[in-house]
Each structure stands twice: as C-alpha cells, then as structure tokens.
$ cat final-v6.txt   # compact mmCIF, C-alpha atoms
# COMPACT_ATOMS: atom_id res chain seq x y z
CA MET T 269 -22.59 19.40 -4.58
CA ARG T 270 -22.83 21.88 -1.72
CA ALA T 271 -20.85 19.73 0.64
CA PRO T 272 -17.31 20.66 -0.49
CA LEU T 273 -18.18 24.33 -0.23
CA TYR T 274 -19.61 23.65 3.21
CA TRP T 275 -16.33 22.23 4.46
CA LEU T 276 -14.44 25.22 3.07
CA THR T 277 -16.73 27.97 4.25
CA THR T 278 -17.26 26.56 7.70
CA ALA T 279 -13.81 25.31 8.40
CA CYS T 280 -11.12 27.12 6.46
CA VAL T 281 -9.93 29.88 4.22
CA PHE T 282 -7.78 29.43 1.14
CA PRO T 283 -4.13 30.02 1.98
CA ALA T 284 -2.02 32.46 0.06
CA MET T 285 -0.39 30.57 -2.82
CA ALA T 286 3.06 31.56 -1.58
CA GLU T 287 2.43 29.44 1.51
CA VAL T 288 1.64 26.35 -0.52
CA ASN T 289 4.84 24.37 -0.76
CA THR T 290 3.43 20.89 -0.31
CA ALA T 291 0.41 18.91 -1.36
CA TYR T 292 -0.66 18.91 2.27
CA VAL T 293 -1.72 22.51 2.23
CA GLU T 294 -1.61 24.42 5.50
CA LEU T 295 -5.14 25.71 5.98
CA GLN T 296 -5.93 28.64 8.22
CA GLY T 297 -7.54 28.29 11.59
CA GLU T 298 -6.30 26.84 14.85
CA ARG T 299 -8.43 23.70 14.60
CA LEU T 300 -7.24 22.89 11.09
CA GLN T 301 -3.64 23.49 12.08
CA GLN T 302 -4.06 21.09 14.98
CA GLY T 303 -5.87 18.67 12.69
CA ARG T 304 -3.07 18.85 10.13
CA LYS T 305 -0.47 17.88 12.72
CA ILE T 306 -2.54 14.89 13.81
CA TRP T 307 -3.31 13.95 10.20
CA LEU T 308 0.38 14.05 9.25
CA ALA T 309 1.37 11.93 12.26
CA THR T 310 -1.37 9.30 12.03
CA CYS T 311 -3.38 9.44 8.80
CA GLU T 312 -0.95 10.54 6.09
CA GLY T 313 0.84 7.19 6.02
CA CYS T 314 -2.17 5.63 4.26
CA HIS T 315 -4.34 8.55 3.07
CA GLY T 316 -1.39 10.34 1.49
CA TYR T 317 -0.79 7.43 -0.89
CA GLY T 318 -4.07 5.56 -1.23
CA ILE T 319 -2.71 2.60 0.67
CA ALA T 320 -5.22 -0.17 1.46
CA GLY T 321 -7.90 1.76 -0.40
CA ALA T 322 -7.62 4.88 1.78
CA PRO T 323 -9.17 7.82 -0.11
CA VAL T 324 -6.56 10.44 -1.01
CA PRO T 325 -7.72 14.01 -0.22
CA MET T 326 -5.85 15.37 -3.26
CA ASP T 327 -8.10 13.25 -5.50
CA PRO T 328 -11.41 15.10 -5.97
CA GLU T 329 -13.19 12.09 -7.49
CA GLU T 330 -12.66 10.09 -4.32
CA TRP T 331 -13.87 12.84 -2.02
CA VAL T 332 -16.89 14.47 -3.66
CA PRO T 333 -19.23 11.64 -2.57
CA ARG T 334 -17.68 11.50 0.89
CA LEU T 335 -18.14 15.20 1.52
CA GLU T 336 -21.78 14.88 0.56
CA LYS T 337 -22.30 12.69 3.62
CA ASP T 338 -23.22 14.08 7.01
CA LYS T 339 -19.94 14.93 8.74
CA ALA T 340 -21.11 12.89 11.73
CA VAL T 341 -20.75 9.81 9.51
CA LEU T 342 -17.14 10.69 8.70
CA TYR T 343 -16.41 11.26 12.38
CA GLU T 344 -18.05 7.97 13.35
CA HIS T 345 -16.09 6.01 10.74
CA ALA T 346 -12.81 7.59 11.81
CA ILE T 347 -13.38 7.07 15.55
CA ASN T 348 -14.86 3.57 15.50
CA GLY T 349 -13.44 2.17 12.28
CA PHE T 350 -15.24 1.21 9.12
CA PHE T 351 -15.50 -1.53 6.48
CA GLY T 352 -15.90 -0.27 2.91
CA VAL T 353 -17.97 -1.89 0.17
CA ASP T 354 -14.95 -3.82 -1.12
CA ASP T 355 -14.02 -5.02 2.37
CA THR T 356 -11.46 -2.30 2.75
CA MET T 357 -10.85 -1.55 6.41
CA MET T 358 -10.41 1.82 8.09
CA PRO T 359 -8.98 1.06 11.55
CA ALA T 360 -10.47 2.82 14.56
CA ARG T 361 -8.65 6.12 15.25
CA GLY T 362 -6.37 5.45 12.29
CA GLY T 363 -4.72 2.73 14.32
CA ASN T 364 -3.64 5.19 17.01
CA PRO T 365 -5.62 4.39 20.19
CA ASP T 366 -3.97 7.29 22.03
CA LEU T 367 -5.96 9.87 20.05
CA SER T 368 -9.00 11.40 21.75
CA ASP T 369 -12.34 11.68 19.94
CA ASN T 370 -11.76 15.39 19.53
CA GLU T 371 -8.30 14.87 18.06
CA VAL T 372 -9.67 12.37 15.55
CA ARG T 373 -12.44 14.81 14.61
CA SER T 374 -9.92 17.59 14.06
CA ALA T 375 -7.89 15.32 11.75
CA VAL T 376 -11.10 14.53 9.85
CA ASP T 377 -11.85 18.24 9.64
CA TYR T 378 -8.43 18.88 8.12
CA MET T 379 -8.66 16.01 5.63
CA ALA T 380 -12.16 17.05 4.55
CA ALA T 381 -11.09 20.67 4.20
CA LEU T 382 -8.02 19.61 2.22
CA ALA T 383 -10.22 17.52 -0.07
CA ALA T 384 -12.60 20.44 -0.48
CA TYR T 385 -9.63 22.64 -1.35
CA TYR T 386 -8.60 20.32 -4.18
CA ILE T 387 -12.18 19.94 -5.39
CA GLN T 388 -12.49 23.72 -5.62
CA LEU T 389 -9.08 23.94 -7.28
CA LYS T 390 -10.15 21.49 -10.00
CA ARG T 391 -13.36 23.40 -10.67
CA LYS T 392 -11.53 26.70 -11.19
CA MET N 132 -8.33 2.97 -19.66
CA LYS N 133 -5.03 3.11 -17.85
CA ALA N 134 -6.16 0.32 -15.54
CA ILE N 135 -7.26 -1.81 -18.49
CA HIS N 136 -3.92 -1.26 -20.19
CA LYS N 137 -2.10 -2.36 -17.06
CA THR N 138 -4.33 -5.39 -16.75
CA LEU N 139 -3.64 -6.47 -20.33
CA ILE N 140 0.10 -6.19 -19.77
CA ALA N 141 -0.23 -8.17 -16.58
CA LEU N 142 -2.24 -10.89 -18.27
CA GLY N 143 0.21 -11.06 -21.14
CA VAL N 144 3.18 -11.39 -18.85
CA ALA N 145 1.41 -13.92 -16.66
CA ALA N 146 0.61 -16.04 -19.69
CA SER N 147 4.17 -15.80 -20.96
CA VAL N 148 5.63 -16.65 -17.59
CA ALA N 149 3.33 -19.64 -17.31
CA GLY N 150 4.89 -21.04 -20.46
CA LEU N 151 1.84 -20.62 -22.68
CA SER N 152 3.94 -18.90 -25.33
CA THR N 153 5.64 -22.19 -26.11
CA ALA N 154 2.35 -23.48 -27.49
CA ILE N 155 2.70 -21.08 -30.38
CA ALA N 156 6.47 -21.14 -30.73
CA GLY N 157 7.68 -20.05 -34.13
CA ASP N 158 5.57 -16.96 -34.22
CA ASP N 159 7.98 -14.04 -33.88
CA ALA N 160 5.46 -11.98 -32.01
CA PHE N 161 5.59 -14.47 -29.16
CA THR N 162 9.22 -15.60 -29.25
CA LYS N 163 11.07 -12.30 -29.60
CA PRO N 164 11.36 -10.07 -26.54
CA SER N 165 8.64 -7.45 -26.72
CA ILE N 166 8.54 -6.13 -23.21
CA SER N 167 11.19 -4.35 -21.19
CA ALA N 168 12.45 -5.83 -17.95
CA LYS N 169 11.00 -2.87 -16.07
CA ALA N 170 7.57 -3.30 -17.66
CA MET N 171 7.65 -7.01 -16.88
CA ALA N 172 8.64 -6.36 -13.26
CA ASP N 173 5.93 -3.72 -12.89
CA ALA N 174 3.34 -6.10 -14.36
CA LEU N 175 4.41 -8.97 -12.13
CA HIS N 176 4.20 -6.73 -9.10
CA LEU N 177 0.77 -5.50 -10.14
CA VAL N 178 -0.49 -9.09 -10.21
CA MET N 179 1.21 -9.99 -6.92
CA ASP N 180 -0.01 -6.87 -5.14
CA SER N 181 -3.55 -7.21 -6.43
CA ASP N 182 -3.78 -10.86 -5.38
CA ARG N 183 -2.47 -10.00 -1.95
CA THR N 184 -4.84 -7.05 -1.62
CA ILE N 185 -7.82 -9.24 -2.48
CA TYR N 186 -6.70 -11.90 0.02
CA THR N 187 -6.35 -9.20 2.68
CA ARG N 188 -9.74 -7.65 1.96
CA LYS N 189 -11.98 -10.52 0.92
CA ILE N 190 -10.54 -13.20 3.20
CA VAL N 191 -8.83 -11.62 6.20
CA ASN N 192 -10.74 -8.37 6.62
CA ARG N 193 -14.08 -9.95 5.84
CA LEU N 194 -13.81 -13.19 7.83
CA VAL N 195 -11.53 -12.10 10.66
CA LYS N 196 -12.37 -8.47 11.27
CA LYS N 197 -15.88 -8.04 9.93
CA GLU N 198 -17.66 -11.39 10.35
CA LYS N 199 -15.36 -12.62 13.14
CA VAL N 200 -15.71 -16.29 12.14
CA ILE N 201 -12.01 -17.23 12.17
CA LYS N 202 -8.64 -15.88 13.27
CA ALA N 203 -5.53 -15.19 11.20
CA SER N 204 -2.30 -16.19 12.87
CA GLU N 205 1.43 -16.51 12.30
CA HIS N 206 1.03 -19.97 13.88
CA PHE N 207 -1.87 -20.85 11.60
CA GLU N 208 -1.49 -24.63 11.88
CA ASP N 209 -1.47 -24.77 15.67
CA ASP N 210 -4.18 -22.13 15.90
CA LYS N 211 -6.33 -23.61 13.10
CA ALA N 212 -6.32 -20.15 11.59
CA LEU N 213 -5.87 -18.35 8.29
CA VAL N 214 -2.34 -17.59 7.14
CA LEU N 215 -1.34 -13.94 7.38
CA PRO N 216 -1.26 -11.98 4.10
CA ALA N 217 2.54 -11.70 4.26
CA GLN N 218 2.80 -15.48 4.78
CA MET N 219 0.47 -16.06 1.83
CA PHE N 220 2.77 -13.93 -0.29
CA ARG N 221 5.90 -15.72 0.90
CA PHE N 222 4.43 -19.17 0.28
CA GLY N 223 3.56 -18.06 -3.24
CA SER N 224 7.10 -16.92 -3.93
CA GLU N 225 8.49 -20.23 -2.67
CA LEU N 226 6.11 -22.22 -4.89
CA VAL N 227 6.97 -20.08 -7.92
CA ALA N 228 10.68 -20.71 -7.33
CA LYS N 229 10.09 -24.45 -7.09
CA ARG N 230 7.88 -24.64 -10.19
CA ALA N 231 10.13 -22.32 -12.23
CA GLU N 232 13.02 -24.78 -11.88
CA LYS N 233 11.19 -27.06 -14.34
CA LEU N 234 10.41 -24.33 -16.87
CA ASP N 235 13.33 -23.47 -19.13
CA ASP N 236 12.02 -20.11 -20.31
CA VAL N 237 10.81 -18.86 -16.95
CA ASN N 238 13.62 -16.96 -15.28
CA PHE N 239 12.65 -14.64 -12.51
CA SER N 240 12.41 -14.68 -8.76
CA TYR N 241 10.77 -12.57 -6.10
CA SER N 242 10.91 -12.28 -2.35
CA LEU N 243 9.70 -10.21 0.57
CA GLN N 244 12.61 -8.59 2.40
CA SER N 245 13.14 -6.00 5.09
CA LEU N 246 15.86 -3.90 6.65
CA TRP N 247 14.21 -4.89 9.93
CA PRO N 248 13.36 -8.58 9.44
CA ILE N 249 11.85 -10.74 12.15
CA ASN N 250 13.53 -13.67 10.42
CA ALA N 251 17.17 -12.93 9.55
CA GLN N 252 16.92 -14.88 6.29
CA ASN N 253 14.64 -12.12 4.96
CA ALA N 254 17.29 -9.43 5.31
CA PRO N 255 18.79 -7.94 2.12
CA LYS N 256 21.97 -9.61 0.91
CA THR N 257 23.17 -7.81 -2.21
CA ASP N 258 24.22 -4.15 -2.35
CA VAL N 259 21.31 -3.38 -4.67
CA GLU N 260 18.82 -4.96 -2.25
CA LYS N 261 20.25 -2.96 0.66
CA GLU N 262 20.30 0.30 -1.28
CA GLY N 263 16.86 -0.30 -2.78
CA LEU N 264 15.16 -1.12 0.52
CA LYS N 265 16.69 2.01 2.04
CA PHE N 266 15.51 4.09 -0.93
CA ILE N 267 11.89 2.97 -0.81
CA ALA N 268 11.77 3.51 2.95
CA GLU N 269 13.05 7.07 2.55
CA ASN N 270 11.06 7.90 -0.60
CA LYS N 271 7.58 6.63 0.08
CA GLY N 272 5.48 6.11 -3.02
CA GLU N 273 8.48 5.49 -5.27
CA ASN N 274 9.92 2.23 -6.61
CA TYR N 275 13.58 1.37 -7.02
CA TYR N 276 15.12 -0.10 -10.17
CA ALA N 277 18.72 -1.17 -10.81
CA GLU N 278 20.91 -3.60 -12.70
CA GLU N 279 23.24 -5.86 -10.79
CA THR N 280 25.70 -8.64 -11.59
CA LEU N 281 25.54 -11.77 -9.50
CA GLY N 282 27.63 -14.86 -10.17
CA GLY N 283 28.75 -13.40 -13.50
CA LYS N 284 25.15 -12.88 -14.72
CA SER N 285 23.34 -9.58 -15.20
CA TYR N 286 19.97 -9.00 -13.59
CA PHE N 287 17.35 -6.28 -13.59
CA THR N 288 16.16 -5.84 -10.02
CA ALA N 289 13.03 -3.92 -9.02
CA ILE N 290 12.04 -3.17 -5.43
CA TYR N 291 8.55 -2.08 -4.36
CA ALA N 292 7.50 -0.83 -0.93
CA ASP N 293 5.64 -3.14 1.41
CA VAL N 294 3.54 -1.04 3.77
CA GLY N 295 1.91 -1.91 7.09
CA VAL N 296 -1.78 -1.58 6.16
CA ALA N 297 -3.51 -2.96 9.25
CA PRO N 298 -2.96 -2.47 12.97
CA VAL N 299 -2.15 -6.17 13.33
CA CYS N 300 0.78 -5.87 10.87
CA VAL N 301 2.28 -3.13 13.00
CA SER N 302 1.58 -4.62 16.42
CA CYS N 303 2.82 -8.07 15.40
CA HIS N 304 6.14 -6.69 14.16
CA ASN N 305 6.59 -4.24 17.05
CA ASP N 306 5.81 -6.85 19.69
CA HIS N 307 7.57 -9.86 18.15
CA LYS N 308 10.41 -11.19 20.30
CA ASP N 309 12.80 -11.29 17.34
CA THR N 310 12.07 -7.88 15.83
CA PRO N 311 14.91 -5.37 15.53
CA LYS N 312 12.46 -2.44 15.33
CA ARG N 313 9.57 -1.68 17.68
CA ASP N 314 8.29 1.72 16.59
CA PHE N 315 6.46 0.96 13.34
CA LYS N 316 3.20 2.77 12.86
CA LEU N 317 0.35 2.21 10.43
CA GLY N 318 1.30 3.24 6.90
CA ASP N 319 5.04 2.84 7.44
CA VAL N 320 7.19 1.09 4.86
CA MET N 321 8.08 -2.12 6.66
CA GLY N 322 9.95 -3.86 3.86
CA GLY N 323 9.93 -4.42 0.15
CA VAL N 324 9.11 -6.85 -2.63
CA VAL N 325 12.26 -7.66 -4.59
CA ILE N 326 11.73 -8.89 -8.18
CA ARG N 327 14.80 -10.06 -10.08
CA ILE N 328 14.84 -10.75 -13.84
CA PRO N 329 17.89 -12.00 -15.77
CA MET N 330 19.06 -9.66 -18.52
CA ASP N 331 20.76 -12.34 -20.60
CA GLY N 332 17.71 -14.39 -21.46
$ encode --input "final-v6.txt" --output "structure tokens"
Amino acid sequence: MRAPLYWLTTACVFPAMAEVNTAYVELQGERLQQGRKIWLATCEGCHGYGIAGAPVPMDPEEWVPRLEKDKAVLYEHAINGFFGVDDTMMPARGGNPDLSDNEVRSAVDYMAALAAYYIQLKRK
Amino acid sequence: MKAIHKTLIALGVAASVAGLSTAIAGDDAFTKPSISAKAMADALHLVMDSDRTIYTRKIVNRLVKKEKVIKASEHFEDDKALVLPAQMFRFGSELVAKRAEKLDDVNFSYSLQSLWPINAQNAPKTDVEKEGLKFIAENKGENYYAEETLGGKSYFTAIYADVGVAPVCVSCHNDHKDTPKRDFKLGDVMGGVVIRIPMDG
C-alpha cells in the first residue's frame, strides 16, 4: 500500500485544482511534463480507454497492484513489451519504435504518477 | 454485477436471434418486444466484441506473438496461416447474413466499415453510416445511434468504434498498397462496426 504514495512523493506534487481541466492531470516537474507529452502521443490511445485490456490510470483498482511492483518491472514491460495473464499484449514501446528507453520511462513515470493521483483522490 | 447484467442481456438476445424463442411461441413474455433496439444493438455488439477479443488474445496473441508457432496473415490460405481478427469478424458477419435469410424473425445485419477502407466495398454508403463513422472517429469512447429510412423501411443503426489494438493492425493498414490513409497509430479509431435493426418488426 506504500507504492502509490511512493510514486507521488518521489515523482510529483498535486496540482492546484484550478489547473485540472482534464482527466489527464498535468503534474508538476519537468520529467512528468515530458512524460505526459509522450504518454498523450503514444500511450493514451489505448490506456485512456482500456482498449485491448490496457489498464486505465484513472481507475484505482487497476493500478494499486501495479504500483506495488518494482518500478523496474513496469519499465521493462513498457520497453520490451509484455503478455498479461489473459494473453493481453502490451507492445514494445507502446508500438512506437522511435521512442528512446528514457522517453518510455518518462511516460511510465507520468502514467504511474497519474494513477497514484487518482488512488489518493479516491482515498480522500 | 453490471457485467453479469450485460451478459444476461447478451445471452437473451443471442438466444432470441438464434430463433430459440419460437420453441415457446405463444408465451407473451417471449413473443412481445421486450427490449429496445438500442439495448439489442449494444448486446449484439458486446457479444461480437468479446468473441473478437478472445480470438485476438487466446488465438492470435498466444500462438503468433507469444508461442510463435504460427503466423496470422491477410493471405491466410496461401500462407497456411491464421485469419486476422478483422477477417474473422467479417467472415462471421457474412455467415450471419446468409443464415438469417432463412430465419423469418431474425432481422438484423452488421458490418465492419471505414472512412479509410483498404477495400472500397467497406466504405460507408448511407448518410447515417458516413456521419456515424465520422462521429466515432472524432469522439473516441462514444458510440453513435440514429434512425434511418432505407428503401421505405425504418431502421435503428448503431455504430461502434473499431480501434487498432496491435502494431500489426496499424502497420498493415499504413503499408497496404490500396490504403487511402498511411498515418494510423496504435489506439486510433480505424473504422466502425455498423449494426442495423429494422424498426418495423
């Protein structure tokens, strides 16, 4: 249960509510802002809607167990691709081979921080 | 609970569509309309989409991507390969149309269409199809519902987004010699499932 807090405290700060005008909250910090741009361009198409079993960061139930994993696992799955227990398939680099490892990691950082944001929001 | 409710509706509609209701004809509960056209379309789509999802995951993802024991190919006969998920869906719709011709109380049709079809016969034809496919492409996550009159008959038409869920969907469409669009990316709405139900019984 510490994992969501970990992602928040190490990676972001809650934004002022006035800045929240979309479900894809803009989180503070240069890395998360870069990650958000990459996430919107490459990951949002599936993760924003749960397409093909992609976990939606606005759904706390889907993300609590994922954030309890070592973040290296999330990075590895995002960079190299991953088959889920129901034979769902996460394509390597979200299907965008032009992304560098670091860019993929920053998108993961944003998605994990966004999920942590919604988990914290639900607990309040 | 919500999922169970949806499943029960889907099973009920599937049974009715299959003609099982005729076995108990005379019972008002089974002969009088008890489901809206929208609910029926949503239930039909739920069944279609779930079947296609399972084919994609348990057959294509597992055998082609994960275990690597066979390929999936548009030219599945020549390549001795699995049919693509979109082909599986299209073959199903063609078989339903053929079988429905012999069933008096089964009146619906469905098809996979696109504003950017590789095969021109899969382009939208009616105004509702054109408007609906444009709507779902511009409003991702939403469905489109409308009534239309064709050949003097009224129909309820529902259109659901068809999204590119695997890199091969996107690359195949972008690279195909007949494609009118080459900049699809993963997660894009590439077309739509059109379900049409007559309103006049």
$ atom_distance --input "final-v6.txt" --atom1 "atom CA of T:Leu389" --atom2 "atom CA of T:Ala320"
25.9 Å
$ closest_residue --input "final-v6.txt" --among "T:Ala360, T:Ala346, T:Ala381, T:Leu308" --to "T:Pro328" --atoms "only C-alpha atoms"
T:Ala381
$ interface_residues --input "final-v6.txt" --of "chain T" --to "chain N" --cutoff "10 Å" --atoms "only C-alpha atoms" --output "compact mmCIF listing (two decimals) with C-alpha atoms, in the coordinates of the input"
# COMPACT_ATOMS: atom_id res chain seq x y z
CA ALA T 309 1.37 11.93 12.26
CA THR T 310 -1.37 9.30 12.03
CA CYS T 311 -3.38 9.44 8.80
CA GLU T 312 -0.95 10.54 6.09
CA GLY T 313 0.84 7.19 6.02
CA CYS T 314 -2.17 5.63 4.26
CA HIS T 315 -4.34 8.55 3.07
CA GLY T 316 -1.39 10.34 1.49
CA TYR T 317 -0.79 7.43 -0.89
CA GLY T 318 -4.07 5.56 -1.23
CA ILE T 319 -2.71 2.60 0.67
CA ALA T 320 -5.22 -0.17 1.46
CA GLY T 321 -7.90 1.76 -0.40
CA ALA T 322 -7.62 4.88 1.78
CA PHE T 350 -15.24 1.21 9.12
CA PHE T 351 -15.50 -1.53 6.48
CA GLY T 352 -15.90 -0.27 2.91
CA ASP T 354 -14.95 -3.82 -1.12
CA ASP T 355 -14.02 -5.02 2.37
CA THR T 356 -11.46 -2.30 2.75
CA MET T 357 -10.85 -1.55 6.41
CA MET T 358 -10.41 1.82 8.09
CA PRO T 359 -8.98 1.06 11.55
CA ALA T 360 -10.47 2.82 14.56
CA GLY T 362 -6.37 5.45 12.29
CA GLY T 363 -4.72 2.73 14.32
CA ASN T 364 -3.64 5.19 17.01
$ residues_around --input "final-v6.txt" --residues "N:Leu243" --least-positions-apart "3" --cutoff "7 Å" --atoms "only C-alpha atoms" --output "PyMOL selection string"
chain N and resi 221+253+323-325
$ atom_distance --input "final-v6.txt" --atom1 "atom CA of T:Glu294" --atom2 "atom CA of T:Arg391"
20.0 Å
$ residues_around --input "final-v6.txt" --residues "N:Ala289" --least-positions-apart "6" --cutoff "7 Å" --atoms "only C-alpha atoms" --output "VMD selection string"
chain N and resid 172 275 to 277 325 to 327
$ residues_around --input "final-v6.txt" --residues "T:Asp327" --least-positions-apart "6" --cutoff "9 Å" --atoms "only C-alpha atoms" --output "list in words"
Ala383, Tyr386 and Ile387 of chain T
$ closest_residue --input "final-v6.txt" --among "N:Leu226, N:Leu264, N:Leu281, N:Ile201" --to "N:Pro329" --atoms "only C-alpha atoms"
N:Leu281
$ atom_distance --input "final-v6.txt" --atom1 "atom CA of N:Ser242" --atom2 "atom CA of N:Ser224"
6.2 Å
$ residues_near_point --input "final-v6.txt" --point "(22.6, -7.7, -12.9)" --cutoff "12 Å" --atoms "all atoms listed in the file" --output "PyMOL selection string"
chain N and resi 168+257-260+276-289+326-332
